[in-house]
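Enquirer: For reference, the file protein-v6.cif (mmCIF, C-alpha atoms) is included below:
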```
data_model
loop_
_atom_site.label_atom_id
_atom_site.label_comp_id
_atom_site.auth_asym_id
_atom_site.auth_seq_id
_atom_site.Cartn_x
_atom_site.Cartn_y
_atom_site.Cartn_z
CA MET A 1 -1.70 -29.81 -21.91
CA THR A 2 -2.78 -32.00 -19.01
CA GLN A 3 -6.13 -31.61 -17.25
CA ALA A 4 -4.33 -30.18 -14.21
CA GLU A 5 -2.43 -27.65 -16.32
CA ARG A 6 -5.64 -26.51 -17.99
CA TRP A 7 -6.95 -25.01 -14.75
CA MET A 8 -3.70 -23.52 -13.45
CA LEU A 9 -3.62 -19.79 -12.76
CA PRO A 10 -0.91 -17.59 -14.34
CA ASP A 11 2.25 -17.02 -12.33
CA GLY A 12 1.72 -14.38 -9.67
CA ILE A 13 -2.08 -14.58 -9.89
CA ALA A 14 -3.78 -16.10 -6.84
CA GLU A 15 -7.28 -16.73 -5.59
CA ILE A 16 -8.30 -16.22 -1.96
CA LEU A 17 -10.40 -19.04 -0.53
CA PRO A 18 -13.14 -18.70 2.12
CA ALA A 19 -11.20 -18.72 5.41
CA ASP A 20 -8.61 -16.20 4.22
CA ALA A 21 -11.16 -14.22 2.20
CA LYS A 22 -13.23 -13.66 5.35
CA ARG A 23 -10.22 -12.29 7.22
CA VAL A 24 -9.12 -10.12 4.28
CA GLU A 25 -12.60 -8.67 3.86
CA THR A 26 -12.94 -8.04 7.61
CA LEU A 27 -9.62 -6.21 7.60
CA ARG A 28 -10.66 -4.20 4.53
CA ARG A 29 -13.82 -3.04 6.31
CA ASN A 30 -11.93 -2.24 9.52
CA LEU A 31 -9.36 -0.17 7.63
CA LEU A 32 -11.93 1.77 5.62
CA ASP A 33 -13.74 2.49 8.90
CA LEU A 34 -10.41 3.66 10.33
CA TYR A 35 -9.83 6.01 7.40
CA HIS A 36 -13.40 7.30 7.71
CA ARG A 37 -12.78 8.21 11.35
CA TRP A 38 -9.74 10.22 10.24
CA GLY A 39 -11.86 12.15 7.72
CA TYR A 40 -10.84 10.25 4.56
CA GLU A 41 -13.66 9.70 2.07
CA MET A 42 -13.82 6.53 0.02
CA ILE A 43 -13.56 6.47 -3.77
CA ILE A 44 -13.98 3.50 -6.13
CA PRO A 45 -12.09 4.24 -9.37
CA PRO A 46 -12.57 2.00 -12.44
CA MET A 47 -10.24 -0.90 -13.15
CA VAL A 48 -9.59 0.38 -16.71
CA GLU A 49 -8.90 3.91 -17.99
CA PHE A 50 -7.45 5.56 -21.05
CA THR A 51 -3.67 5.38 -20.71
CA ASP A 52 -3.48 9.14 -21.42
CA SER A 53 -4.69 9.82 -17.88
CA LEU A 54 -3.70 6.58 -16.14
CA LEU A 55 0.04 6.83 -16.74
CA ILE A 56 0.81 10.55 -16.94
CA GLY A 57 3.19 11.73 -14.25
CA MET A 58 3.77 8.35 -12.57
CA GLY A 59 7.17 7.48 -13.99
CA ARG A 60 8.59 4.66 -16.06
CA ASP A 61 8.17 1.96 -13.41
CA VAL A 62 4.36 2.19 -13.39
CA ASP A 63 4.35 2.49 -17.18
CA LEU A 64 6.19 -0.83 -17.56
CA ARG A 65 3.90 -2.60 -15.07
CA THR A 66 0.69 -1.57 -16.84
CA PHE A 67 -1.23 -3.93 -19.14
CA ARG A 68 -2.58 -2.24 -22.27
CA VAL A 69 -5.55 -3.13 -24.45
CA THR A 70 -7.35 -1.39 -27.30
CA ASP A 71 -10.82 -0.01 -26.63
CA GLN A 72 -13.17 -1.58 -29.20
CA LEU A 73 -15.48 1.46 -29.05
CA SER A 74 -13.05 4.36 -29.42
CA GLY A 75 -9.93 2.68 -30.77
CA ARG A 76 -7.88 4.37 -28.06
CA SER A 77 -5.38 2.66 -25.76
CA LEU A 78 -6.70 1.52 -22.41
CA GLY A 79 -4.63 0.59 -19.37
CA ILE A 80 -5.53 -1.85 -16.62
CA ARG A 81 -4.46 0.03 -13.52
CA ALA A 82 -1.23 -0.95 -11.80
CA ASP A 83 -1.63 1.77 -9.17
CA ILE A 84 -4.69 3.62 -7.85
CA THR A 85 -2.73 6.75 -6.90
CA PRO A 86 -2.94 8.46 -10.34
CA GLN A 87 -6.67 7.75 -10.42
CA ALA A 88 -7.07 9.44 -7.04
CA ALA A 89 -5.10 12.44 -8.35
CA ARG A 90 -7.42 12.66 -11.38
CA ILE A 91 -10.47 12.50 -9.11
CA ASP A 92 -9.07 15.26 -6.89
CA SER A 93 -8.48 17.39 -9.97
CA HIS A 94 -11.72 16.78 -11.90
CA SER A 95 -14.37 14.51 -10.45
CA PHE A 96 -14.26 15.66 -6.83
CA PRO A 97 -12.27 18.93 -6.67
CA ARG A 98 -11.92 20.96 -3.49
CA SER A 99 -10.11 24.22 -2.88
CA GLY A 100 -8.62 23.08 0.43
CA ALA A 101 -7.56 19.74 1.84
CA ASN A 102 -9.03 16.67 0.15
CA ARG A 103 -8.70 13.35 1.96
CA LEU A 104 -9.42 10.28 -0.18
CA CYS A 105 -9.10 6.55 0.50
CA TYR A 106 -9.63 3.43 -1.60
CA ALA A 107 -9.39 -0.35 -1.72
CA GLY A 108 -9.24 -2.29 -4.97
CA GLN A 109 -7.35 -4.80 -7.03
CA VAL A 110 -4.53 -3.73 -9.35
CA LEU A 111 -2.70 -5.73 -12.00
CA TYR A 112 1.01 -5.87 -12.90
CA THR A 113 2.59 -7.12 -16.10
CA ARG A 114 5.42 -8.42 -13.91
CA PRO A 115 5.64 -8.81 -10.12
CA ARG A 116 7.37 -5.99 -8.26
CA THR A 117 9.48 -8.47 -6.28
CA PRO A 118 10.62 -12.05 -6.97
CA MET A 119 7.72 -14.41 -6.26
CA GLY A 120 5.52 -11.38 -5.50
CA PRO A 121 1.83 -11.09 -6.50
CA ARG A 122 0.75 -9.62 -9.82
CA ALA A 123 -2.82 -8.83 -8.74
CA PRO A 124 -2.63 -7.46 -5.19
CA ILE A 125 -5.47 -5.71 -3.40
CA GLN A 126 -4.19 -2.16 -2.94
CA ILE A 127 -5.56 -0.15 -0.03
CA GLY A 128 -4.40 3.30 0.93
CA ALA A 129 -5.08 6.98 1.48
CA GLU A 130 -4.10 10.21 -0.27
CA LEU A 131 -4.05 13.76 1.12
CA TYR A 132 -4.28 16.60 -1.41
CA GLY A 133 -3.95 20.35 -0.94
CA VAL A 134 -1.73 20.29 2.17
CA GLU A 135 1.85 21.48 1.64
CA SER A 136 3.00 21.51 5.27
CA LEU A 137 4.91 18.75 7.05
CA GLN A 138 1.83 18.17 9.17
CA GLY A 139 0.29 16.50 6.12
CA ASP A 140 3.21 14.08 5.83
CA ILE A 141 3.03 13.36 9.56
CA GLU A 142 -0.71 12.65 9.33
CA VAL A 143 -0.27 10.25 6.42
CA ILE A 144 2.63 8.41 8.08
CA SER A 145 0.58 8.14 11.28
CA LEU A 146 -2.36 6.70 9.36
CA MET A 147 -0.03 4.18 7.68
CA LEU A 148 1.25 3.04 11.08
CA GLU A 149 -2.33 2.79 12.38
CA THR A 150 -3.15 0.66 9.32
CA LEU A 151 -0.44 -1.86 10.16
CA ALA A 152 -1.42 -1.88 13.84
CA THR A 153 -5.05 -2.57 12.86
CA ALA A 154 -3.78 -5.51 10.78
CA GLY A 155 -2.17 -6.90 13.94
CA ILE A 156 1.45 -6.25 12.97
CA ARG A 157 3.15 -5.73 16.31
CA GLU A 158 6.72 -4.76 15.47
CA ILE A 159 7.22 -2.01 12.90
CA HIS A 160 10.36 -0.33 11.55
CA LEU A 161 9.78 2.98 9.75
CA ASP A 162 12.27 3.90 7.02
CA LEU A 163 12.48 7.63 6.18
CA GLY A 164 14.19 9.32 3.23
CA HIS A 165 13.95 12.47 1.11
CA VAL A 166 14.38 12.70 -2.67
CA ALA A 167 15.53 16.35 -2.45
CA ILE A 168 18.85 15.10 -1.07
CA PHE A 169 19.88 13.32 -4.26
CA ARG A 170 18.26 15.94 -6.50
CA SER A 171 20.29 18.70 -4.84
CA LEU A 172 23.54 16.76 -5.17
CA ALA A 173 22.83 15.84 -8.79
CA GLU A 174 22.32 19.52 -9.57
CA VAL A 175 25.58 20.51 -7.87
CA ALA A 176 27.40 17.74 -9.78
CA ARG A 177 25.70 18.85 -13.04
CA LEU A 178 24.50 15.35 -13.90
CA ASP A 179 22.27 15.05 -16.95
CA SER A 180 19.17 12.81 -16.94
CA ASP A 181 21.02 9.76 -18.30
CA GLN A 182 23.78 10.12 -15.73
CA GLN A 183 21.23 10.50 -12.94
CA ALA A 184 19.45 7.33 -14.08
CA ALA A 185 22.74 5.39 -14.10
CA LEU A 186 23.72 6.56 -10.62
CA ILE A 187 20.22 5.94 -9.24
CA ALA A 188 20.41 2.32 -10.43
CA LEU A 189 23.71 1.89 -8.58
CA LEU A 190 22.34 3.52 -5.42
CA GLN A 191 19.31 1.22 -5.50
CA SER A 192 21.61 -1.80 -5.63
CA LYS A 193 23.72 -0.42 -2.73
CA ALA A 194 26.85 -1.28 -4.75
CA VAL A 195 29.31 0.93 -2.84
CA ALA A 196 32.43 0.07 -4.87
CA ASP A 197 30.61 0.58 -8.17
CA ILE A 198 29.18 3.90 -6.95
CA GLU A 199 32.62 5.19 -5.99
CA ARG A 200 34.06 4.12 -9.34
CA TRP A 201 31.21 5.76 -11.26
CA VAL A 202 31.48 9.03 -9.33
CA GLU A 203 35.22 9.16 -9.89
CA GLU A 204 34.69 8.78 -13.65
CA HIS A 205 31.77 11.21 -14.08
CA VAL A 206 31.89 13.91 -11.40
CA ALA A 207 34.62 16.57 -11.73
CA ASP A 208 33.62 18.73 -8.77
CA ALA A 209 35.57 17.35 -5.76
CA GLN A 210 33.03 18.47 -3.14
CA ALA A 211 30.06 17.08 -5.09
CA ALA A 212 31.94 13.80 -5.60
CA THR A 213 32.60 13.48 -1.87
CA TRP A 214 28.94 14.11 -1.08
CA LEU A 215 27.67 11.60 -3.67
CA ARG A 216 30.07 8.89 -2.52
CA SER A 217 28.74 9.29 1.03
CA LEU A 218 25.09 8.57 0.18
CA PRO A 219 25.10 4.75 0.43
CA ARG A 220 26.72 5.00 3.88
CA LEU A 221 24.18 7.49 5.25
CA ALA A 222 21.77 4.90 6.54
CA GLY A 223 20.94 4.03 10.12
CA GLY A 224 19.36 5.42 13.27
CA SER A 225 19.25 8.97 14.60
CA GLU A 226 23.03 9.22 14.40
CA CYS A 227 22.66 9.11 10.61
CA LEU A 228 21.04 12.55 10.53
CA ALA A 229 23.70 13.99 12.82
CA ARG A 230 26.44 12.72 10.48
CA ALA A 231 24.58 14.09 7.47
CA ARG A 232 24.19 17.56 8.98
CA GLU A 233 27.93 17.64 9.65
CA LEU A 234 28.85 16.30 6.22
CA PHE A 235 26.52 18.60 4.25
CA ALA A 236 27.20 21.76 6.27
CA GLY A 237 27.34 24.57 3.74
CA GLY A 238 25.65 22.40 1.13
CA PRO A 239 22.65 23.25 -1.07
CA GLY A 240 19.78 24.92 0.77
CA ALA A 241 17.22 22.38 -0.42
CA LEU A 242 19.36 19.56 0.98
CA VAL A 243 19.74 21.25 4.38
CA SER A 244 15.97 21.86 4.46
CA ALA A 245 15.33 18.19 3.62
CA LEU A 246 17.44 17.10 6.61
CA GLU A 247 15.48 19.44 8.86
CA GLU A 248 12.19 18.05 7.56
CA LEU A 249 13.35 14.50 8.25
CA GLN A 250 14.25 15.47 11.81
CA GLN A 251 10.88 17.15 12.44
CA VAL A 252 8.94 14.19 11.08
CA ALA A 253 11.05 11.72 13.06
CA ASP A 254 10.49 13.69 16.26
CA ALA A 255 6.72 13.75 15.71
CA VAL A 256 6.55 10.02 14.96
CA ALA A 257 8.69 9.21 18.02
CA ARG A 258 6.30 11.17 20.24
CA ARG A 259 3.19 9.49 18.80
CA TYR A 260 4.56 5.97 18.33
CA PRO A 261 7.49 5.39 20.70
CA GLN A 262 7.29 1.65 20.00
CA VAL A 263 8.17 2.16 16.31
CA THR A 264 11.85 1.82 15.37
CA LEU A 265 13.04 4.69 13.16
CA PHE A 266 15.56 4.18 10.38
CA PHE A 267 16.94 6.72 7.89
CA ASP A 268 18.21 6.01 4.39
CA LEU A 269 19.45 9.18 2.69
CA GLY A 270 20.34 7.29 -0.47
CA GLU A 271 16.80 5.92 -0.90
CA MET A 272 15.81 6.20 -4.57
CA ARG A 273 12.37 4.53 -4.53
CA GLY A 274 9.86 6.66 -6.43
CA TYR A 275 12.52 9.17 -7.45
CA ASP A 276 11.02 9.67 -10.90
CA TYR A 277 7.75 11.13 -9.57
CA GLU A 278 8.00 11.75 -5.83
CA THR A 279 9.14 15.19 -4.77
CA GLY A 280 9.89 15.20 -1.04
CA LEU A 281 9.69 12.92 1.97
CA VAL A 282 9.47 9.18 1.20
CA PHE A 283 8.71 6.48 3.75
CA ALA A 284 8.23 2.74 4.06
CA ALA A 285 7.27 0.38 6.89
CA TYR A 286 8.95 -2.98 7.50
CA SER A 287 8.61 -5.80 9.97
CA PRO A 288 11.52 -7.97 11.18
CA GLY A 289 11.78 -11.22 9.25
CA HIS A 290 9.86 -9.85 6.27
CA GLY A 291 12.23 -8.57 3.59
CA GLN A 292 9.84 -6.41 1.55
CA ALA A 293 8.16 -3.17 2.60
CA LEU A 294 4.70 -3.75 4.07
CA ALA A 295 3.53 -0.25 3.15
CA ASN A 296 5.13 2.75 1.54
CA GLY A 297 4.37 6.24 0.39
CA GLY A 298 5.67 9.75 0.00
CA ARG A 299 5.06 13.27 -1.19
CA TYR A 300 4.37 13.70 -4.91
CA ASN A 301 3.47 17.37 -5.38
CA GLY A 302 2.54 18.45 -8.87
CA ILE A 303 1.03 15.22 -10.18
CA GLY A 304 -2.28 17.04 -10.59
CA ALA A 305 -0.69 19.56 -12.97
CA VAL A 306 -1.22 17.18 -15.88
CA PHE A 307 -4.94 17.26 -15.04
CA GLY A 308 -5.01 21.07 -14.82
CA ARG A 309 -4.62 21.46 -11.01
CA ASP A 310 -1.12 21.65 -9.55
CA ARG A 311 -1.76 20.36 -6.03
CA ALA A 312 0.36 19.36 -3.05
CA ALA A 313 -0.06 15.62 -2.51
CA THR A 314 1.11 12.90 -0.16
CA GLY A 315 -0.16 9.39 0.51
CA PHE A 316 0.58 5.73 1.15
CA SER A 317 -0.63 2.30 0.09
CA THR A 318 -0.23 -1.33 1.08
CA ASP A 319 -1.15 -4.82 -0.10
CA LEU A 320 -4.22 -5.83 1.89
CA ALA A 321 -3.74 -9.60 1.56
CA ALA A 322 -0.05 -9.37 2.47
CA ILE A 323 -0.55 -7.47 5.72
CA ASN A 324 -3.49 -9.73 6.58
CA ALA A 325 -1.26 -12.80 6.20
CA LEU A 326 1.49 -11.28 8.34
CA GLY A 327 -0.68 -9.78 11.06
CA HIS A 328 -2.60 -11.20 13.97
CA ASN A 329 -6.23 -10.36 13.35
CA GLY A 330 -7.98 -11.64 16.45
CA ALA A 331 -9.56 -14.91 17.45
CA ALA A 332 -10.84 -17.53 15.07
CA GLU A 333 -14.43 -17.16 13.89
CA ALA A 334 -17.07 -18.90 15.97
CA GLY A 335 -18.67 -22.01 14.55
CA ALA A 336 -21.98 -21.96 12.70
CA ILE A 337 -25.42 -23.13 13.81
CA LEU A 338 -27.10 -25.97 11.91
CA ALA A 339 -30.84 -25.58 11.26
CA PRO A 340 -32.83 -28.67 10.27
CA ALA A 341 -34.64 -28.96 6.93
CA SER A 342 -38.14 -27.83 7.88
CA ASP A 343 -40.85 -25.41 6.71
CA CYS A 344 -41.85 -24.62 10.30
CA ALA A 345 -42.70 -20.90 10.63
CA ALA A 346 -41.33 -20.71 14.16
CA LEU A 347 -38.02 -22.18 12.93
CA TRP A 348 -37.83 -19.60 10.15
CA GLN A 349 -38.34 -16.79 12.67
CA ALA A 350 -35.70 -18.23 14.99
CA VAL A 351 -33.20 -18.50 12.12
CA GLY A 352 -33.88 -14.89 11.08
CA ALA A 353 -33.39 -13.59 14.62
CA LEU A 354 -30.07 -15.44 14.97
CA ARG A 355 -28.76 -14.14 11.63
CA ALA A 356 -29.83 -10.60 12.55
CA SER A 357 -27.77 -10.90 15.74
CA GLY A 358 -24.66 -11.81 13.72
CA GLU A 359 -24.73 -15.60 13.98
CA VAL A 360 -24.00 -17.84 10.98
CA VAL A 361 -26.91 -20.21 10.47
CA ILE A 362 -26.74 -22.92 7.79
CA SER A 363 -30.00 -24.52 6.77
CA ALA A 364 -29.80 -28.23 5.99
CA MET A 365 -31.19 -29.25 2.60
CA PRO A 366 -33.73 -32.07 2.22
CA GLY A 367 -31.96 -35.38 1.65
CA GLU A 368 -28.69 -34.25 3.24
CA GLY A 369 -27.30 -36.59 5.82
CA SER A 370 -24.24 -37.31 7.86
CA ASP A 371 -22.16 -37.64 4.69
CA ASP A 372 -22.06 -33.83 4.29
CA THR A 373 -18.96 -33.68 6.47
CA GLU A 374 -17.77 -30.24 5.30
CA THR A 375 -21.01 -28.53 6.38
CA LEU A 376 -21.23 -30.48 9.62
CA ALA A 377 -17.61 -29.60 10.46
CA ARG A 378 -18.48 -25.88 10.36
CA CYS A 379 -21.36 -26.26 12.82
CA ASP A 380 -20.63 -26.51 16.53
CA ARG A 381 -24.28 -25.85 17.50
CA GLU A 382 -27.72 -26.73 16.21
CA LEU A 383 -31.30 -25.56 16.44
CA VAL A 384 -33.57 -28.12 18.13
CA ARG A 385 -37.26 -28.03 18.97
CA ASP A 386 -38.11 -27.54 22.61
CA GLY A 387 -41.88 -27.70 22.85
CA ASP A 388 -43.27 -24.89 20.75
CA THR A 389 -39.95 -23.04 20.43
CA TRP A 390 -36.56 -23.58 18.83
CA VAL A 391 -33.41 -23.30 20.93
CA VAL A 392 -29.68 -23.41 20.22
CA LYS A 393 -27.77 -26.31 21.76
CA PRO A 394 -24.24 -27.68 21.31
CA ARG A 395 -23.97 -30.37 18.68
CA SER A 396 -23.15 -33.77 20.08
#
```
The structure in this file should be written as C-alpha cells.

Expert:
Amino acid sequence: MTQAERWMLPDGIAEILPADAKRVETLRRNLLDLYHRWGYEMIIPPMVEFTDSLLIGMGRDVDLRTFRVTDQLSGRSLGIRADITPQAARIDSHSFPRSGANRLCYAGQVLYTRPRTPMGPRAPIQIGAELYGVESLQGDIEVISLMLETLATAGIREIHLDLGHVAIFRSLAEVARLDSDQQAALIALLQSKAVADIERWVEEHVADAQAATWLRSLPRLAGGSECLARARELFAGGPGALVSALEELQQVADAVARRYPQVTLFFDLGEMRGYDYETGLVFAAYSPGHGQALANGGRYNGIGAVFGRDRAATGFSTDLAAINALGHNGAAEAGAILAPASDCAALWQAVGALRASGEVVISAMPGEGSDDTETLARCDRELVRDGDTWVVKPRS
C-alpha cells in the first residue's frame, strides 16, 4: 500500500471542505427555518438503532442498504441508518406521539452499504419532512409543496415534478391474480421500462385478457396531462381503487399547477419506486440535465403499525449536498478582516463588535508574516489604528 493509498477514502464516501461546507451548512439552516415556518418540528434521531425497529416496514431495498454491527453491551444486532424515515415513524409512535397531525423534520447523515445509483454517494446528508396523522389529499399536497419550496430555496430554477400512484399496479395485480413472486418479477421489468419483455411476460403469465391488456399498457402511460386522459379512457370500468387513484392524481396535479405554474408536471403510471412499502401517491422532482431525482417521497400509511400506532403518513427527503451543488445559492461570501497581533484592549473590543455584527475577523498570530498566503488571501480588509481607535480599511 502506497502512502497515497493509505489515506484514501472508501468508494462513495466523501468529505466536504470549507467553501462547500459553508454553503451546505447555510442551506441546511435555511431549510430547517423554512420547515419551522410551515409548522414542522425538528428531530435528531440517533445514527444507530436496533435493527428490530430500524428496518421493520421499510422493504427489502432499505434492508440491503443497511450496515449491521453487533452491540457489545446487549449482543443484539444494530443497524447504521440508511434512511431517517423509519426513525421518524418510531418517534411519532412512541417518543413524541400526538393524536392529530404531527409534522416532523430532520437533517442528518445516513450510510449505505452500496450507492443507490452508479457513482452515487454512500453517506449523503438526508434532509426532509414527514407528516403523520393526515389521511386527506391535502396532506400530500402540503408535502409536495414543501418539497418544491425546498428545491427553490436551494436555488434550483427549473423543476419537473413526476407523479405516480402505487394503487394502480396493486389493483391490476389483484385483477390478474399475481402472487408475490410474480409481482416482484413484473415490477423489475416495469422499473427497467423493457416494453418488449413486459409484453412477453404478461402473455406468458396473465390469463385474463382484460387484465393483460391493462398491464401491457402501463409502461406507455407516461407523459403530460394527456396521460391521465388516456388512462381514464383505458381503465373505464376498471377496479375502483384504480379509478380513485387516477382522480387523486388529477386533484394533486391541479393543486400543484395553481400553486407552482412554473413547475412542469409529468405522470408515470408504471412507476414502481417504493412499491414495497408506499401505499398511495408517489412523487419525485427532477431538473433538466440531471438524470437522478433531486428529491422524492410518497404516502406510506401503516408504517407505524409495527410500533403500535397505525397512522397515515406522507413525506419527502433529499440529499442536501447534491441540491446544494446543483443550485444557485446566492453571492459569494464576503472576504474576511485581518486583525494585527496585539494585546490592545481597544483592538479586542473592535474585533468583538465586528464579529457580533456578522463579520469574519481573523487575528494574526505572533511571528506570522507575508508567507501565510492562504490567510492573507481570505482577507480583503484589515483593522488599522487611527489615533485611539481601530478602523476597517481595504487591504492594499

Enquirer: If the PyMOL selection byres ((chain A and resi 323-327) around 12) is run on the structure shown, which residues does it catch, given as a ChimeraX atom specification?

Expert: /A:16,19-28,30-31,124-127,147-148,150-159,285-290,292-295,317-322,328-330

Enquirer: Run the PyMOL selection byres ((chain A and resi 93-110) around 9) mentally over the shown coordinates, then write out the matched residues as a VMD selection string, using the chain letters and numbers from the document.

Expert: chain A and resid 28 32 35 to 36 38 to 45 47 80 to 84 88 to 92 111 to 112 122 to 134 304 to 305 307 to 311 320

Enquirer: Hey, what comes out of the PyMOL selection byres ((chain A and resi 364) around 8) on this file? Could you write it as number ranges by chain?

Expert: A: 338-341, 362-363, 365-366, 368

Enquirer: Determine the nearest neighbour of Arg299 of chain A from the options A:Val143, A:Leu269, A:Ile56, A:Ala194, counting only C-alpha atoms.

Expert: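 With only C-alpha atoms as the atom set, the closest residue is A:Val143.
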
Enquirer: Looking at only C-alpha atoms, which of A:Ser225, A:Gln191, A:Ser171, A:Thr113 is the one that sits closest to Leu64 of chain A?

Expert: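 Of the candidates, the smallest distance to Leu64 of chain A is held by A:Thr113.
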
Enquirer: Given all atoms listed in the file as the basis, pick out the residue of A:Gly315, A:Gly79, A:Gly238, A:Gly367 nearest to Asp63 of chain A.

Expert: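 Among the listed residues, the smallest separation from Asp63 of chain A belongs to A:Gly79.
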
Enquirer: Using atom CA of Ile337 of chain A and atom CA of Arg378 of chain A as the two end points, give the distance in Å to one decimal.

Expert: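 Spanning atom CA of Ile337 of chain A to atom CA of Arg378 of chain A is a straight-line distance of 8.2 Å.
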
Enquirer: Using all atoms listed in the file, pick whichever of A:Ala185, A:Gln87, A:Ile141, A:Pro118 has the shortest atom-to-atom distance to Tyr260 of chain A.

Expert: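 The answer is A:Ile141, which sits nearest to Tyr260 of chain A.
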
Enquirer: What's around Phe283 of chain A at 6 Å? Count all atoms listed in the file, leave out sequence neighbours fewer than 4 positions away in its own chain, and write the answer as a compact mmCIF listing (two decimals) with C-alpha atoms, in the coordinates of the input.

Expert:
```txt
# COMPACT_ATOMS: atom_id res chain seq x y z
CA ASP A 162 12.27 3.90 7.02
CA LEU A 163 12.48 7.63 6.18
CA ASN A 296 5.13 2.75 1.54
CA GLY A 297 4.37 6.24 0.39
CA GLY A 298 5.67 9.75 0.00
```

Enquirer: Applying 7 Å and only C-alpha atoms, which residues near Ala346 of chain A remain after dropping the ones on its own chain fewer than 3 positions away? List them as a list in words.

Expert: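 Listing them by chain and then by number gives Gln349, Ala350 and Thr389 of chain A.
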
Enquirer: Please compute the atom CA of Arg258 of chain A-atom CA of Arg29 of chain A distance, one decimal, in Å.

Expert: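 Atom-to-atom, atom CA of Arg258 of chain A to atom CA of Arg29 of chain A, that is 28.3 Å.
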
Enquirer: Ser192 of chain A: which residues within 12 Å, counting only C-alpha atoms, same-chain residues fewer than 5 positions away excluded, as an mmCIF file with C-alpha atoms, keeping the file's coordinate frame?

Expert:
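Result file around33.cif:
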```cif
data_model
loop_
_atom_site.group_PDB
_atom_site.id
_atom_site.type_symbol
_atom_site.label_atom_id
_atom_site.label_comp_id
_atom_site.auth_asym_id
_atom_site.auth_seq_id
_atom_site.Cartn_x
_atom_site.Cartn_y
_atom_site.Cartn_z
ATOM 1 C CA ALA A 185 22.740 5.390 -14.100
ATOM 2 C CA LEU A 186 23.720 6.560 -10.620
ATOM 3 C CA ILE A 187 20.220 5.940 -9.240
ATOM 4 C CA ASP A 197 30.610 0.580 -8.170
ATOM 5 C CA ILE A 198 29.180 3.900 -6.950
ATOM 6 C CA PRO A 219 25.100 4.750 0.430
ATOM 7 C CA GLY A 270 20.340 7.290 -0.470
ATOM 8 C CA GLU A 271 16.800 5.920 -0.900
ATOM 9 C CA MET A 272 15.810 6.200 -4.570
ATOM 10 C CA ARG A 273 12.370 4.530 -4.530
#
```

Enquirer: Could you name the residues that touch segment 173-177 of chain A at 7 Å or less, counting all atoms listed in the file, but leaving out those on the same chain fewer than 5 positions away, as a PyMOL selection string?

Expert: chain A and resi 183+206+208+211
